[in-house]
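See structure below.
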Amino acid sequence: MTNLTLFQNSFFRFLVVGVLNTICGMSVMFLLFNTLGTNYWLSTFIGNSVGATVSYFLNKRFTFKNNASHGQTIWRFVFIILICYLLSYCLSYLISHFLISSLSIKNTEILGNLSILIGNIFYTLINYVGQKFIVFSRKKEAQKV
């Protein structure tokens with residue numbers, strides 16, 4: 001598969017955009033959590049919001065090549081992002097807490113950092129499905145025209 005062929009695949013483009021917005025969002029999360037001592041939920045919410053903003057603009061045009069107006073897509077995008085955030089980071093927090101408890105580790109920084117990493121994996125998978133089929137769906141775009 002050539003590089004040009006790879007870029008024709010929306011999931012590959014989504015992953016490329018995901019790397020960029022993940023660098024932005026997770027940098028903010030880890031900075032807030034580890035450097036400024038912000039709690040887990042506020043750190044992940046703010047960092048996720050930064051990453052989501054980058055994600056929206058790049059995914060709308062580059063990944064899904066969606067021409068619908070921002071008014072047609074932004075509310076669905078925000079809804080999907082919030083659902084992904086809640087599902088991913090709550091689930092990852094529970095899984096991390098279980099793993100850390102099973103290993104009898106009491107360090108809350110390890111718990112928070114592990115939760116952030118696991119949450120990001122869940123978030124990526126759930127978010128792709130939501131954006132492809134709900135937010136930037138070509139069917140929804142065609143119905144509005």
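Labeling convention for the structure tokens: chains A, B, ... as they appear, residues from 1 per chain, ligands from 1 in order of appearance.
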
Write out as a short mmCIF file (atom, residue, chain, number, x, y, z; two decimals) with N, CA and C atoms, in the first residue's frame which residues come within 9 Å of segment 62-66 of chain A when counting only C-alpha atoms, dropping same-chain ones fewer than 3 positions away.
data_model
loop_
_atom_site.label_atom_id
_atom_site.label_comp_id
_atom_site.auth_asym_id
_atom_site.auth_seq_id
_atom_site.Cartn_x
_atom_site.Cartn_y
_atom_site.Cartn_z
N PHE A 7 -3.52 7.57 2.48
CA PHE A 7 -4.22 8.82 2.76
C PHE A 7 -5.62 8.86 2.16
N ASN A 9 -7.68 6.44 2.83
CA ASN A 9 -8.43 5.73 3.85
C ASN A 9 -8.76 6.70 5.00
N SER A 10 -10.07 6.87 5.29
CA SER A 10 -10.46 7.84 6.32
C SER A 10 -9.95 7.47 7.71
N PHE A 11 -9.84 6.18 8.01
CA PHE A 11 -9.35 5.80 9.33
C PHE A 11 -7.87 6.16 9.46
N PHE A 12 -7.09 5.99 8.41
CA PHE A 12 -5.68 6.38 8.45
C PHE A 12 -5.56 7.90 8.64
N ARG A 13 -6.35 8.68 7.88
CA ARG A 13 -6.33 10.14 8.04
C ARG A 13 -6.76 10.51 9.47
N PHE A 14 -7.77 9.80 9.99
CA PHE A 14 -8.23 10.03 11.36
C PHE A 14 -7.10 9.79 12.35
N VAL A 16 -3.84 10.03 11.75
CA VAL A 16 -2.85 11.10 11.58
C VAL A 16 -3.31 12.35 12.33
N VAL A 17 -4.57 12.72 12.12
CA VAL A 17 -5.13 13.87 12.84
C VAL A 17 -5.12 13.57 14.34
N PHE A 57 -11.65 20.77 13.52
CA PHE A 57 -11.30 21.46 12.28
C PHE A 57 -10.54 20.57 11.31
N LEU A 58 -9.60 19.78 11.82
CA LEU A 58 -8.85 18.89 10.92
C LEU A 58 -9.70 17.73 10.39
N ASN A 59 -10.52 17.14 11.25
CA ASN A 59 -11.35 16.02 10.80
C ASN A 59 -12.45 16.46 9.85
N SER A 69 -22.07 23.08 6.85
CA SER A 69 -21.70 24.25 7.64
C SER A 69 -21.34 23.83 9.06
N GLN A 131 -17.67 10.14 14.96
CA GLN A 131 -17.44 11.20 13.98
C GLN A 131 -17.76 10.73 12.57
N LYS A 132 -17.37 9.52 12.23
CA LYS A 132 -17.59 9.01 10.88
C LYS A 132 -19.08 8.82 10.57
N PHE A 136 -19.86 13.62 10.87
CA PHE A 136 -19.47 13.98 9.51
C PHE A 136 -19.96 12.98 8.46
N SER A 137 -21.05 12.34 8.73
CA SER A 137 -21.62 11.36 7.80
C SER A 137 -22.00 12.01 6.48
N ARG A 138 -21.62 11.39 5.41
CA ARG A 138 -21.98 11.91 4.08
C ARG A 138 -23.49 11.86 3.88
N GLU A 141 -24.88 14.96 5.41
CA GLU A 141 -24.53 16.10 4.57
C GLU A 141 -25.45 16.16 3.35
#

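Remark: for Ile95 of chain A, the closest of the candidate residues A:Ser115, A:Ile81, A:Arg76, A:Met26 is A:Ser115 (distances computed over only C-alpha atoms).
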
*Skip Cys24 of chain A itself and residues of its chain fewer than 6 positions away, then list as a PyMOL selection string all residues within 9 Å of it, counting only C-alpha atoms.*
chain A and resi 47-48+50-51+54

*asked:* To test your reading of the structure, identify every residue in chain A that backbone DSSP assigns to helix (DSSP H, G or I), and report it as JSON, numbers by chain.
replied: {"A": [3, 4, 5, 6, 10, 11, 12, 13, 14, 15, 16, 17, 18, 19, 20, 21, 22, 23, 24, 25, 26, 27, 28, 29, 30, 31, 32, 33, 34, 35, 40, 41, 42, 43, 44, 45, 46, 47, 48, 49, 50, 51, 52, 53, 54, 55, 56, 57, 58, 59, 60, 61, 62, 63, 70, 71, 72, 73, 74, 75, 76, 77, 78, 79, 80, 81, 82, 83, 84, 85, 86, 87, 88, 89, 90, 91, 92, 93, 94, 95, 96, 97, 98, 99, 100, 101, 102, 108, 109, 110, 111, 112, 113, 114, 115, 116, 117, 118, 119, 120, 121, 122, 123, 124, 125, 126, 127, 128, 129, 130, 131, 132, 133, 134, 135, 138, 139, 140, 141, 142, 143, 144]}

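Counting from atom CA of Thr35 of chain A, the distance to atom CA of Ser88 of chain A is 23.3 Å.
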
_I'd like the neighbourhood of Leu31 of chain A as an MDAnalysis selection string, where a residue qualifies if any of its atoms comes within 9 Å (using only C-alpha atoms), though same-chain residues fewer than 6 positions away should be ignored._
chainID A and resid 37:38 43

Store the residues of this selection in a file with all heavy atoms, as a PDB file, in the first residue's frame.
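And here's result-v4.pdb as it stands now:
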ATOM      1  N   GLY A  37      -0.580  20.215  39.326  1.00  0.00           N
ATOM      2  CA  GLY A  37      -1.307  19.532  40.393  1.00  0.00           C
ATOM      3  C   GLY A  37      -2.822  19.587  40.263  1.00  0.00           C
ATOM      4  O   GLY A  37      -3.539  19.377  41.232  1.00  0.00           O
ATOM      5  N   THR A  38      -3.297  19.850  39.060  1.00  0.00           N
ATOM      6  CA  THR A  38      -4.738  19.887  38.817  1.00  0.00           C
ATOM      7  C   THR A  38      -5.281  18.463  38.940  1.00  0.00           C
ATOM      8  O   THR A  38      -4.617  17.509  38.563  1.00  0.00           O
ATOM      9  CB  THR A  38      -5.020  20.445  37.402  1.00  0.00           C
ATOM     10  OG1 THR A  38      -4.324  21.682  37.258  1.00  0.00           O
ATOM     11  CG2 THR A  38      -6.495  20.663  37.164  1.00  0.00           C
ATOM     12  N   SER A  43      -8.036  18.050  34.647  1.00  0.00           N
ATOM     13  CA  SER A  43      -6.909  17.910  33.708  1.00  0.00           C
ATOM     14  C   SER A  43      -7.350  17.230  32.418  1.00  0.00           C
ATOM     15  O   SER A  43      -7.028  17.695  31.321  1.00  0.00           O
ATOM     16  CB  SER A  43      -5.779  17.090  34.334  1.00  0.00           C
ATOM     17  OG  SER A  43      -5.253  17.725  35.454  1.00  0.00           O
TER      18      SER A  43
END
